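Undergrad: Pasting a structure here, questions to come.
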Amino acid sequence: MKKCFLLLFFCISGFSDPSSFCEKPISPTPSCEPSPPSCESPPSPSCTKNPSSHHNDLFRKQEESLVLDLEFLYTTIVEGSLDYALKMRRPSGFSLNYAQGDFQRGNYGWDPGFRIEIGYFRALKYWEVLAGYTWMKITGSDSVKRPDNNRFITGTFPQIFTDPMEEARSHLHFQYNVVDLMAARVFCPNPHLRVRSYFGLSGAFFKQTWKVGYFNASNQNTMILNNWHYRSGGLMSKFVFDWFWTEDLYIVGKTHFALYLGRYKNLAHQTTNVNRSGNDNINEPIRDAIMKDLRFAYNFFISLGPSWQKSFSTSRIEIFAGWEFIVWWNVQEIYRSNEGTPFAAKETWLNQGMLGLHGLKTRLTFNF
């Protein structure tokens, strides 16, 4: 009863901003019906059915759309078991000794790549399908020379020649291809957060070629080739979140885990122009071993960074920049063995390492 008298008092007194009564209507049933003309005022945000603020639907989750992701990658590789020589720090005090000096490793440089994804978002049903392809080619070259007459460089592979080595070289080449086909369930726990949970199929093909060369002052050389590739298919799960912070700024994170099964092939090859016995056929390889098997490999991926996202009446755009990490297990292997007569046993000396890729990722996404 008091509210009725107060409302009548404001109307008679000429006041025209009883917005608080619109937020808390007199009627026991919630209503946002406009007040009589004499008491009319601009509706408060709580009474606006479709506010113009972009906070209303940040992700256009009510609209079906096609999705196009275009990513530019600038990546390098960090990998184990790529030591190819030792460079002595000081002269040796023994006539016979073990490894001395600093290991010289093959290193990858930074190279560009790309990833493209095409998908479809089914509004109201809140699911999405996505197909993607990733391509990268990364290379790297290194070399080391003998420091002086009292210090040496020595190979981690057999040198074959007996004179001191003058130079060792390493060259790496890696090619990466991954195809994904996924379906996602889309969740919006609150207006400022979107979560997508993917599950699907993935195919991977990548290949590494590592060439090592040893050279002495007499133009004798030894060339080592390690070449492996992996062709596989498997299952993957991926988790993506978009977290709104302020204005059109978001934090976006992705992570996935995948399990693959496929064919693995590793070639260990070595040639030399040194005829040690006088009867050696230097046109034939001195090392020529191939490992083939069917094996599992495991892959983990994570990326994180800020993004600018903007929704329009019929479309949506996103610009992202961040860092990504990709790790593979059970693919990097280097095979060595002891030397002996053709009929003598050859022991397998296996070096394994983790394959890791990391680098800058920028993405442009269209929803239309």
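Each chain in the structure tokens gets a letter, A, B, ..., in the order shown, and its residues are numbered from 1; ligands are numbered from 1 in order too.
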Using the chain letters and numbers from this document, which residues of segment 113-295 of chain A does DSSP assign to strand (DSSP E or B), as a PyMOL selection string?
TA: chain A and resi 113-122+127-145+148+151+153-155+165-190+193-216+221-246+249-272+287-295
Undergrad: Which neighbours of segment 112-123 of chain A fall inside 10 Å, counting only C-alpha atoms, when residues of the same chain fewer than 4 positions from it are skipped, and could you give them as an NGL selection string?
TA: :A and (60-76 or 127-138 or 176-186 or 359-368)
Undergrad: Restricted to C-alpha atoms, what would the selected residues look like written as a PDB file, in the first residue's frame?
TA:
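Contents of part-v2.pdb, freshly written:
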```
ATOM      1  CA  ARG A  60      26.714 -16.344 -31.266  1.00  0.00           C
ATOM      2  CA  LYS A  61      25.686 -19.653 -29.764  1.00  0.00           C
ATOM      3  CA  GLN A  62      22.133 -19.201 -31.039  1.00  0.00           C
ATOM      4  CA  GLU A  63      23.232 -19.051 -34.688  1.00  0.00           C
ATOM      5  CA  GLU A  64      24.323 -21.883 -36.983  1.00  0.00           C
ATOM      6  CA  SER A  65      27.554 -21.126 -38.792  1.00  0.00           C
ATOM      7  CA  LEU A  66      30.404 -22.407 -40.905  1.00  0.00           C
ATOM      8  CA  VAL A  67      33.834 -22.174 -39.284  1.00  0.00           C
ATOM      9  CA  LEU A  68      37.121 -21.429 -41.060  1.00  0.00           C
ATOM     10  CA  ASP A  69      40.436 -21.402 -39.155  1.00  0.00           C
ATOM     11  CA  LEU A  70      43.624 -20.218 -40.882  1.00  0.00           C
ATOM     12  CA  GLU A  71      46.793 -20.613 -38.806  1.00  0.00           C
ATOM     13  CA  PHE A  72      50.346 -19.504 -39.462  1.00  0.00           C
ATOM     14  CA  LEU A  73      53.016 -21.432 -37.561  1.00  0.00           C
ATOM     15  CA  TYR A  74      56.641 -20.481 -36.968  1.00  0.00           C
ATOM     16  CA  THR A  75      58.205 -23.494 -35.326  1.00  0.00           C
ATOM     17  CA  THR A  76      61.414 -25.235 -34.327  1.00  0.00           C
ATOM     18  CA  TRP A 127      27.647 -29.604 -31.413  1.00  0.00           C
ATOM     19  CA  GLU A 128      30.374 -28.964 -33.959  1.00  0.00           C
ATOM     20  CA  VAL A 129      32.254 -30.980 -36.583  1.00  0.00           C
ATOM     21  CA  LEU A 130      35.753 -30.026 -37.668  1.00  0.00           C
ATOM     22  CA  ALA A 131      38.343 -31.246 -40.185  1.00  0.00           C
ATOM     23  CA  GLY A 132      41.932 -30.020 -40.081  1.00  0.00           C
ATOM     24  CA  TYR A 133      45.327 -30.376 -41.760  1.00  0.00           C
ATOM     25  CA  THR A 134      48.747 -29.365 -40.365  1.00  0.00           C
ATOM     26  CA  TRP A 135      51.927 -29.053 -42.453  1.00  0.00           C
ATOM     27  CA  MET A 136      55.442 -28.167 -41.355  1.00  0.00           C
ATOM     28  CA  LYS A 137      58.920 -28.512 -42.872  1.00  0.00           C
ATOM     29  CA  ILE A 138      61.855 -27.690 -40.595  1.00  0.00           C
ATOM     30  CA  TYR A 176      55.292 -33.106 -40.646  1.00  0.00           C
ATOM     31  CA  ASN A 177      51.756 -33.892 -41.865  1.00  0.00           C
ATOM     32  CA  VAL A 178      48.725 -34.459 -39.619  1.00  0.00           C
ATOM     33  CA  VAL A 179      45.044 -34.782 -40.624  1.00  0.00           C
ATOM     34  CA  ASP A 180      42.227 -34.604 -38.039  1.00  0.00           C
ATOM     35  CA  LEU A 181      38.487 -35.268 -38.197  1.00  0.00           C
ATOM     36  CA  MET A 182      36.632 -34.388 -35.002  1.00  0.00           C
ATOM     37  CA  ALA A 183      33.208 -33.827 -33.462  1.00  0.00           C
ATOM     38  CA  ALA A 184      32.660 -31.589 -30.451  1.00  0.00           C
ATOM     39  CA  ARG A 185      30.117 -30.899 -27.792  1.00  0.00           C
ATOM     40  CA  VAL A 186      29.876 -27.175 -27.006  1.00  0.00           C
ATOM     41  CA  GLY A 359      56.754 -21.977 -31.636  1.00  0.00           C
ATOM     42  CA  LEU A 360      54.541 -19.045 -32.459  1.00  0.00           C
ATOM     43  CA  LYS A 361      50.980 -19.605 -33.643  1.00  0.00           C
ATOM     44  CA  THR A 362      48.728 -16.917 -35.120  1.00  0.00           C
ATOM     45  CA  ARG A 363      45.160 -17.677 -36.182  1.00  0.00           C
ATOM     46  CA  LEU A 364      42.379 -15.958 -38.071  1.00  0.00           C
ATOM     47  CA  THR A 365      38.920 -17.496 -37.538  1.00  0.00           C
ATOM     48  CA  PHE A 366      35.694 -16.699 -39.395  1.00  0.00           C
ATOM     49  CA  ASN A 367      32.198 -17.823 -38.404  1.00  0.00           C
ATOM     50  CA  PHE A 368      29.643 -17.046 -41.093  1.00  0.00           C
TER      51      PHE A 368
END
```
Undergrad: Report, in Å with one decimal, the straight-line distance from atom CA of Gln352 of chain A to atom CA of Val144 of chain A.
TA: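 Distance reported for this atom pair: 23.5 Å.
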Undergrad: Of the residues A:Phe161, A:Phe343, A:Phe239, A:Tyr335, which is the one nearest to Asn216 of chain A, using only C-alpha atoms?
TA: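 Going through A:Phe161, A:Phe343, A:Phe239, A:Tyr335 one by one, the smallest distance to Asn216 of chain A is for A:Phe161.
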Undergrad: Dump as JSON lines the rows for residues of segment 207-318 of chain A within 9 Å of segment 162-169 of chain A: closest atom pair and distance in Å with one decimal, only C-alpha atoms counted, ordered by chain and rising residue number.
TA:
```
{"residue": "A:Lys211", "atom": "CA", "partner": "A:Arg169", "partner_atom": "CA", "distance": 8.1}
{"residue": "A:Val212", "atom": "CA", "partner": "A:Arg169", "partner_atom": "CA", "distance": 5.6}
{"residue": "A:Gly213", "atom": "CA", "partner": "A:Arg169", "partner_atom": "CA", "distance": 5.1}
{"residue": "A:Tyr214", "atom": "CA", "partner": "A:Ala168", "partner_atom": "CA", "distance": 4.7}
{"residue": "A:Phe215", "atom": "CA", "partner": "A:Glu167", "partner_atom": "CA", "distance": 5.4}
{"residue": "A:Asn216", "atom": "CA", "partner": "A:Met165", "partner_atom": "CA", "distance": 4.5}
{"residue": "A:Ala217", "atom": "CA", "partner": "A:Glu166", "partner_atom": "CA", "distance": 6.2}
{"residue": "A:Ser218", "atom": "CA", "partner": "A:Asp163", "partner_atom": "CA", "distance": 8.1}
{"residue": "A:Gln220", "atom": "CA", "partner": "A:Asp163", "partner_atom": "CA", "distance": 9.0}
```
Undergrad: Write out the residues from the selection above, keeping C-alpha atoms, as a PDB file, in the first residue's frame.
TA:
```pdb
ATOM      1  CA  LYS A 211      73.044 -36.560 -42.510  1.00  0.00           C
ATOM      2  CA  VAL A 212      76.432 -36.466 -40.777  1.00  0.00           C
ATOM      3  CA  GLY A 213      79.792 -36.077 -42.552  1.00  0.00           C
ATOM      4  CA  TYR A 214      83.349 -36.509 -41.229  1.00  0.00           C
ATOM      5  CA  PHE A 215      86.356 -35.121 -43.150  1.00  0.00           C
ATOM      6  CA  ASN A 216      90.123 -35.170 -42.639  1.00  0.00           C
ATOM      7  CA  ALA A 217      93.002 -33.251 -44.205  1.00  0.00           C
ATOM      8  CA  SER A 218      93.704 -36.039 -46.753  1.00  0.00           C
ATOM      9  CA  GLN A 220      89.071 -38.879 -46.790  1.00  0.00           C
TER      10      GLN A 220
END
```
Undergrad: From the list A:Asn266, A:Thr222, A:Asn190, A:Thr341, which residue is nearest Leu58 of chain A when using only C-alpha atoms?
TA: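 Among the listed residues, A:Asn190 lies closest to Leu58 of chain A.
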Undergrad: Among the residues of segment 31-226 of chain A, find those DSSP assigns to helix (DSSP H, G or I) from the backbone and print them as a list of chain:residue names.
TA: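 Matching residues for helix (DSSP H, G or I) in segment 31-226 of chain A are A:Pro37, A:Ser38, A:Cys39, A:Pro45, A:Ser46, A:Cys47, A:His54, A:His55, A:Asn56.
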Undergrad: Have a look at A:Gly353, A:Gly322, A:Gly234, A:Gly140 and name the one nearest to Ile334 of chain A; count only C-alpha atoms.
TA: A:Gly353
Undergrad: Leaving out Thr348 of chain A and any residue of its chain fewer than 6 positions from it, which residues lie within 12 Å of it when counting only C-alpha atoms, given as a ChimeraX atom specification?
TA: /A:268,289-291,333-339
Undergrad: Using Å and a single decimal, report how far atom CA of Leu350 of chain A sits from atom CA of Arg263 of chain A.
TA: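 Separation between atom CA of Arg263 of chain A and atom CA of Leu350 of chain A: 18.6 Å.
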Undergrad: Which value, in Å to one decimal, gives the distance between atom CA of Asn330 of chain A and atom CA of Met354 of chain A?
TA: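 Between atom CA of Asn330 of chain A and atom CA of Met354 of chain A the gap is 7.2 Å.
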Undergrad: Need the shell around Gly233 of chain A: protein/DNA/RNA residues with any atom at most 9 Å away, counting only C-alpha atoms. Skip same-chain ones fewer than 6 positions apart. Format as a list in words?
TA: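 Skipping anything fewer than 6 positions along the chain leaves Leu201, Ser202, Gly203, Ala204, Phe205, Leu259, Tyr260, Leu261 and Gly262 of chain A.
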Undergrad: Using C-alpha atoms, can you export the residues from the last selection as a PDB file, in the first residue's frame?
TA:
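Saved file part.pdb follows:
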```
ATOM      1  CA  LEU A 201      40.207 -39.602 -35.649  1.00  0.00           C
ATOM      2  CA  SER A 202      43.698 -38.500 -36.615  1.00  0.00           C
ATOM      3  CA  GLY A 203      46.300 -39.557 -39.160  1.00  0.00           C
ATOM      4  CA  ALA A 204      49.992 -38.659 -38.940  1.00  0.00           C
ATOM      5  CA  PHE A 205      52.847 -38.948 -41.405  1.00  0.00           C
ATOM      6  CA  LEU A 259      47.281 -42.310 -29.384  1.00  0.00           C
ATOM      7  CA  TYR A 260      48.538 -43.627 -32.736  1.00  0.00           C
ATOM      8  CA  LEU A 261      49.343 -47.035 -34.194  1.00  0.00           C
ATOM      9  CA  GLY A 262      51.320 -47.292 -37.410  1.00  0.00           C
TER      10      GLY A 262
END
```
